[in-house]
Every structure is written in structure tokens, then in C-alpha cells.
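Novice: Sharing a structure below in C-alpha cells format, with a few things to ask.
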Amino acid sequence: MDTLELKKKKTDEMEKIVSLSGSEALLKAFLAEGVDVIFGYPGGAIMPIYDALYDYQDQLNHILVRHEQGAIHAAQGYARASGRTGVVFATSGPGATNLVTGLADAMIDSTPVVCITGQVYAHLFRKRDDLSAEAINIALGNVTRP
């Protein structure tokens, strides 16, 4: 698994290298931004984040939904009621495309939401019998474009 290496200065001015996976870096970034609630539905490509989330269960409250569309709408409601950003986790392919309606609604209503989706490895994209979908192109081309 790829890791991000960060240099951290110790009190005696020696440098210590800390290795973080992308999942850990994402969760630490959420904590730094004050996120404490995440709505989501686990599946294939997002599982590395869910694996890392286990170690943060005392700091991040994950709300397990029964469908990705429920996650985005729950995050919208949370954002509107709390004034904080709603955060959503979903898997790749259909999991990501199930967020599009809620993402469009959030944009129209100026509701702050962040959606994190998994994605299959680039070398496997459209080469397996899974339902790969170009979530970024769907969202950027049809939803988030002004």
C-alpha cells in the first residue's frame, strides 16, 4: 500500500519520519477540519478507508446507511441542521453514481457536503466485469459545472 511520508521535528531537533497510508491521511485531515460525523455505505474500493476508520472510532462517528443516496441526503440534513459540512463515504461505480442526485441538490441549495468515493485501480478500469463508472466526469460534467 502506498504511504505518505511526513517529517516531524522532535524536541531534540532530530527529524522523525512518520508513514501514513492515504486512508489515515484523509481521516487525520477530517479531524483537523473538525469533522466528527461521517455517513456512508461500505463496499469494495472504499474498504481501505473503512479499515483505517476502525482506529478512529472514538473520534469519528460513522453512520451506516442502507443506500448511498440515503448517505448523501443524511449528510445534507446534517449540514443544514448543524451548519457544519456533511461528509459521505461510498464505493466506486454504482455507489458513486448513487450520490449524484443528492450532490446536485446540495449544489443547488449551497449545502456544504464532501463525498469521498473509492475507485478501481487505473489498470483495471473497464477491464473487469464490474460496473466501473467515471464518477468524476459524471459529477464535473453534469452536476457541479456552473
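Residue names in the C-alpha cells use chain letters A, B, ... in the order shown, residue numbers from 1 in each chain, and ligand numbers from 1 in the order shown.
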Please, which residues of region 14-137 of chain A, numbered as in this document, come out helix (DSSP H, G or I) from DSSP, as a PyMOL selection string?
Specialist: chain A and resi 22-32+44-56+68-82+94-97+100-108+122-124+135-137
Novice: Quick one: everything within 7 Å of Val88 (chain A), counting only C-alpha atoms, minus sequence neighbours fewer than 3 positions away in the same chain. Send it as a ChimeraX atom specification.
Specialist: /A:38-40,71-72,75,114-116
Novice: Output N, CA, C and O atoms for every residue in the selection just made, as an mmCIF file, in the first residue's frame.
Specialist:
```
data_model
loop_
_atom_site.group_PDB
_atom_site.id
_atom_site.type_symbol
_atom_site.label_atom_id
_atom_site.label_comp_id
_atom_site.auth_asym_id
_atom_site.auth_seq_id
_atom_site.Cartn_x
_atom_site.Cartn_y
_atom_site.Cartn_z
ATOM 1 N N ILE A 38 -19.581 11.036 9.931
ATOM 2 C CA ILE A 38 -19.462 10.612 8.534
ATOM 3 C C ILE A 38 -20.613 9.659 8.236
ATOM 4 O O ILE A 38 -20.889 8.752 9.014
ATOM 5 N N PHE A 39 -21.281 9.875 7.115
ATOM 6 C CA PHE A 39 -22.348 8.995 6.661
ATOM 7 C C PHE A 39 -21.789 8.137 5.543
ATOM 8 O O PHE A 39 -21.045 8.632 4.691
ATOM 9 N N GLY A 40 -22.117 6.851 5.497
ATOM 10 C CA GLY A 40 -21.554 6.053 4.422
ATOM 11 C C GLY A 40 -22.088 4.647 4.330
ATOM 12 O O GLY A 40 -22.810 4.154 5.196
ATOM 13 N N ALA A 71 -27.149 8.213 2.269
ATOM 14 C CA ALA A 71 -25.983 8.847 2.895
ATOM 15 C C ALA A 71 -25.868 10.309 2.492
ATOM 16 O O ALA A 71 -25.649 11.181 3.347
ATOM 17 N N ILE A 72 -26.021 10.594 1.207
ATOM 18 C CA ILE A 72 -25.866 11.976 0.755
ATOM 19 C C ILE A 72 -26.982 12.857 1.290
ATOM 20 O O ILE A 72 -26.770 13.987 1.709
ATOM 21 N N ALA A 75 -26.346 13.457 4.973
ATOM 22 C CA ALA A 75 -25.264 14.436 5.131
ATOM 23 C C ALA A 75 -25.774 15.853 4.855
ATOM 24 O O ALA A 75 -25.372 16.803 5.528
ATOM 25 N N VAL A 114 -19.070 16.950 1.425
ATOM 26 C CA VAL A 114 -17.861 16.369 0.834
ATOM 27 C C VAL A 114 -18.145 14.896 0.642
ATOM 28 O O VAL A 114 -18.516 14.202 1.586
ATOM 29 N N CYS A 115 -17.973 14.415 -0.587
ATOM 30 C CA CYS A 115 -18.180 12.995 -0.892
ATOM 31 C C CYS A 115 -16.845 12.365 -1.257
ATOM 32 O O CYS A 115 -16.143 12.858 -2.132
ATOM 33 N N ILE A 116 -16.522 11.285 -0.588
ATOM 34 C CA ILE A 116 -15.304 10.527 -0.864
ATOM 35 C C ILE A 116 -15.742 9.169 -1.393
ATOM 36 O O ILE A 116 -16.498 8.459 -0.725
#
```
Novice: My list of candidates is A:Leu99, A:Gln69, A:Val113, A:Gln119. Which is closest to Ile49 (chain A) when distances are computed with only C-alpha atoms?
Specialist: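 Distance minimum relative to Ile49 (chain A) lands on A:Gln119.
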Novice: Please measure the separation of CA of Ile108 (chain A) and CA of Arg84 (chain A), giving the value in Å to one decimal.
Specialist: 17.2 Å
Novice: Would you compute the distance between CA of Thr97 (chain A) and CA of His67 (chain A)? Give it in Å to one decimal.
Specialist: 11.5 Å
Novice: Please identify all polymer residues within 10 Å of region 52-59 of chain A, counting only C-alpha atoms, omitting same-chain residues fewer than 4 positions from it, and present them as an NGL selection string.
Specialist: :A and (21-28 or 31 or 35-37 or 47-48)
Novice: Given the selection you just returned, output its residues as a file containing N, CA, C and O atoms, formatted as an mmCIF file, in the first residue's frame.
Specialist:
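Written output follows (part_3.cif):
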```cif
data_model
loop_
_atom_site.group_PDB
_atom_site.id
_atom_site.type_symbol
_atom_site.label_atom_id
_atom_site.label_comp_id
_atom_site.auth_asym_id
_atom_site.auth_seq_id
_atom_site.Cartn_x
_atom_site.Cartn_y
_atom_site.Cartn_z
ATOM 1 N N SER A 21 -0.818 5.928 5.541
ATOM 2 C CA SER A 21 -1.497 5.500 4.322
ATOM 3 C C SER A 21 -2.381 6.665 3.869
ATOM 4 O O SER A 21 -2.650 7.597 4.626
ATOM 5 N N GLY A 22 -2.853 6.610 2.649
ATOM 6 C CA GLY A 22 -3.769 7.634 2.159
ATOM 7 C C GLY A 22 -5.028 7.690 2.997
ATOM 8 O O GLY A 22 -5.577 8.767 3.255
ATOM 9 N N SER A 23 -5.496 6.534 3.451
ATOM 10 C CA SER A 23 -6.690 6.465 4.296
ATOM 11 C C SER A 23 -6.479 7.192 5.613
ATOM 12 O O SER A 23 -7.327 7.973 6.053
ATOM 13 N N GLU A 24 -5.336 6.938 6.244
ATOM 14 C CA GLU A 24 -5.039 7.596 7.514
ATOM 15 C C GLU A 24 -4.886 9.102 7.318
ATOM 16 O O GLU A 24 -5.364 9.884 8.140
ATOM 17 N N ALA A 25 -4.228 9.505 6.239
ATOM 18 C CA ALA A 25 -4.043 10.926 5.958
ATOM 19 C C ALA A 25 -5.398 11.613 5.773
ATOM 20 O O ALA A 25 -5.614 12.717 6.274
ATOM 21 N N LEU A 26 -6.315 10.949 5.078
ATOM 22 C CA LEU A 26 -7.652 11.503 4.871
ATOM 23 C C LEU A 26 -8.378 11.672 6.203
ATOM 24 O O LEU A 26 -8.951 12.735 6.480
ATOM 25 N N LEU A 27 -8.356 10.651 7.038
ATOM 26 C CA LEU A 27 -9.055 10.716 8.313
ATOM 27 C C LEU A 27 -8.447 11.768 9.238
ATOM 28 O O LEU A 27 -9.167 12.497 9.922
ATOM 29 N N LYS A 28 -7.128 11.884 9.230
ATOM 30 C CA LYS A 28 -6.470 12.926 10.027
ATOM 31 C C LYS A 28 -6.833 14.314 9.508
ATOM 32 O O LYS A 28 -7.028 15.249 10.297
ATOM 33 N N LEU A 31 -10.253 15.141 10.792
ATOM 34 C CA LEU A 31 -10.182 15.532 12.205
ATOM 35 C C LEU A 31 -9.640 16.952 12.353
ATOM 36 O O LEU A 31 -10.151 17.734 13.162
ATOM 37 N N VAL A 35 -14.264 17.583 11.531
ATOM 38 C CA VAL A 35 -15.288 16.598 11.179
ATOM 39 C C VAL A 35 -15.377 15.568 12.292
ATOM 40 O O VAL A 35 -14.358 15.085 12.789
ATOM 41 N N ASP A 36 -16.603 15.241 12.702
ATOM 42 C CA ASP A 36 -16.767 14.179 13.690
ATOM 43 C C ASP A 36 -17.893 13.217 13.332
ATOM 44 O O ASP A 36 -18.098 12.223 14.008
ATOM 45 N N VAL A 37 -18.613 13.482 12.243
ATOM 46 C CA VAL A 37 -19.685 12.601 11.787
ATOM 47 C C VAL A 37 -19.490 12.315 10.298
ATOM 48 O O VAL A 37 -19.264 13.233 9.508
ATOM 49 N N MET A 47 -13.003 0.196 0.972
ATOM 50 C CA MET A 47 -12.684 -0.563 2.177
ATOM 51 C C MET A 47 -11.383 -0.158 2.873
ATOM 52 O O MET A 47 -11.319 -0.214 4.105
ATOM 53 N N PRO A 48 -10.329 0.257 2.162
ATOM 54 C CA PRO A 48 -9.135 0.698 2.902
ATOM 55 C C PRO A 48 -9.431 1.860 3.866
ATOM 56 O O PRO A 48 -8.856 1.937 4.948
#
```
Novice: Give me, as a list in words, all polymer residues having an atom no more than 10 Å from region 80-83 of chain A, counting only C-alpha atoms and skipping those fewer than 5 positions away in the same chain.
Specialist: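 My reading of the contact set: Ala74, Ala75, Ala106, Asp109, Ser110, Thr111, Pro112 and Val113 of chain A.
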Novice: Go ahead and save the picked residues with N, CA and C atoms, as a PDB file, in the first residue's frame.
Specialist:
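Below is the file that was written, selection06.pdb:
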```pdb
ATOM      1  N   ALA A  74     -28.716  12.295   4.068  1.00  0.00           N
ATOM      2  CA  ALA A  74     -28.491  12.423   5.509  1.00  0.00           C
ATOM      3  C   ALA A  74     -27.402  13.471   5.783  1.00  0.00           C
ATOM      4  N   ALA A  75     -26.346  13.457   4.973  1.00  0.00           N
ATOM      5  CA  ALA A  75     -25.264  14.436   5.131  1.00  0.00           C
ATOM      6  C   ALA A  75     -25.774  15.853   4.855  1.00  0.00           C
ATOM      7  N   ALA A 106     -27.459  19.399  -3.252  1.00  0.00           N
ATOM      8  CA  ALA A 106     -26.598  20.155  -2.347  1.00  0.00           C
ATOM      9  C   ALA A 106     -26.017  21.373  -3.045  1.00  0.00           C
ATOM     10  N   ASP A 109     -28.751  24.069  -3.470  1.00  0.00           N
ATOM     11  CA  ASP A 109     -29.112  24.688  -2.192  1.00  0.00           C
ATOM     12  C   ASP A 109     -27.911  25.256  -1.428  1.00  0.00           C
ATOM     13  N   SER A 110     -26.724  25.185  -2.028  1.00  0.00           N
ATOM     14  CA  SER A 110     -25.486  25.658  -1.389  1.00  0.00           C
ATOM     15  C   SER A 110     -25.254  24.994  -0.035  1.00  0.00           C
ATOM     16  N   THR A 111     -25.501  23.701   0.013  1.00  0.00           N
ATOM     17  CA  THR A 111     -25.279  22.919   1.228  1.00  0.00           C
ATOM     18  C   THR A 111     -23.872  22.332   1.181  1.00  0.00           C
ATOM     19  N   PRO A 112     -23.059  22.562   2.209  1.00  0.00           N
ATOM     20  CA  PRO A 112     -21.681  22.059   2.175  1.00  0.00           C
ATOM     21  C   PRO A 112     -21.603  20.555   2.438  1.00  0.00           C
ATOM     22  N   VAL A 113     -21.220  19.800   1.418  1.00  0.00           N
ATOM     23  CA  VAL A 113     -21.006  18.364   1.561  1.00  0.00           C
ATOM     24  C   VAL A 113     -19.694  17.973   0.886  1.00  0.00           C
TER      25      VAL A 113
END
```
Novice: Run DSSP on the backbone and tell me which residues of region 17-142 of chain A come out as strand (DSSP E or B); list them as a ChimeraX atom specification.
Specialist: /A:17-21,37-40,61-64,86-90,113-117
Novice: Measuring between only C-alpha atoms, which one of A:Met107, A:Val100, A:Phe89, A:Glu33 shows the shortest distance to Ala45 (chain A)?
Specialist: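 Checking each of A:Met107, A:Val100, A:Phe89, A:Glu33 against Ala45 (chain A), counting only C-alpha atoms, the winner is A:Phe89.
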Novice: Which residues, written as a ChimeraX atom specification, have at least one atom at most 6 Å from Ala90 (chain A), with only C-alpha atoms counted and residues fewer than 3 positions away on the same chain left out?
Specialist: /A:40-41,95,117
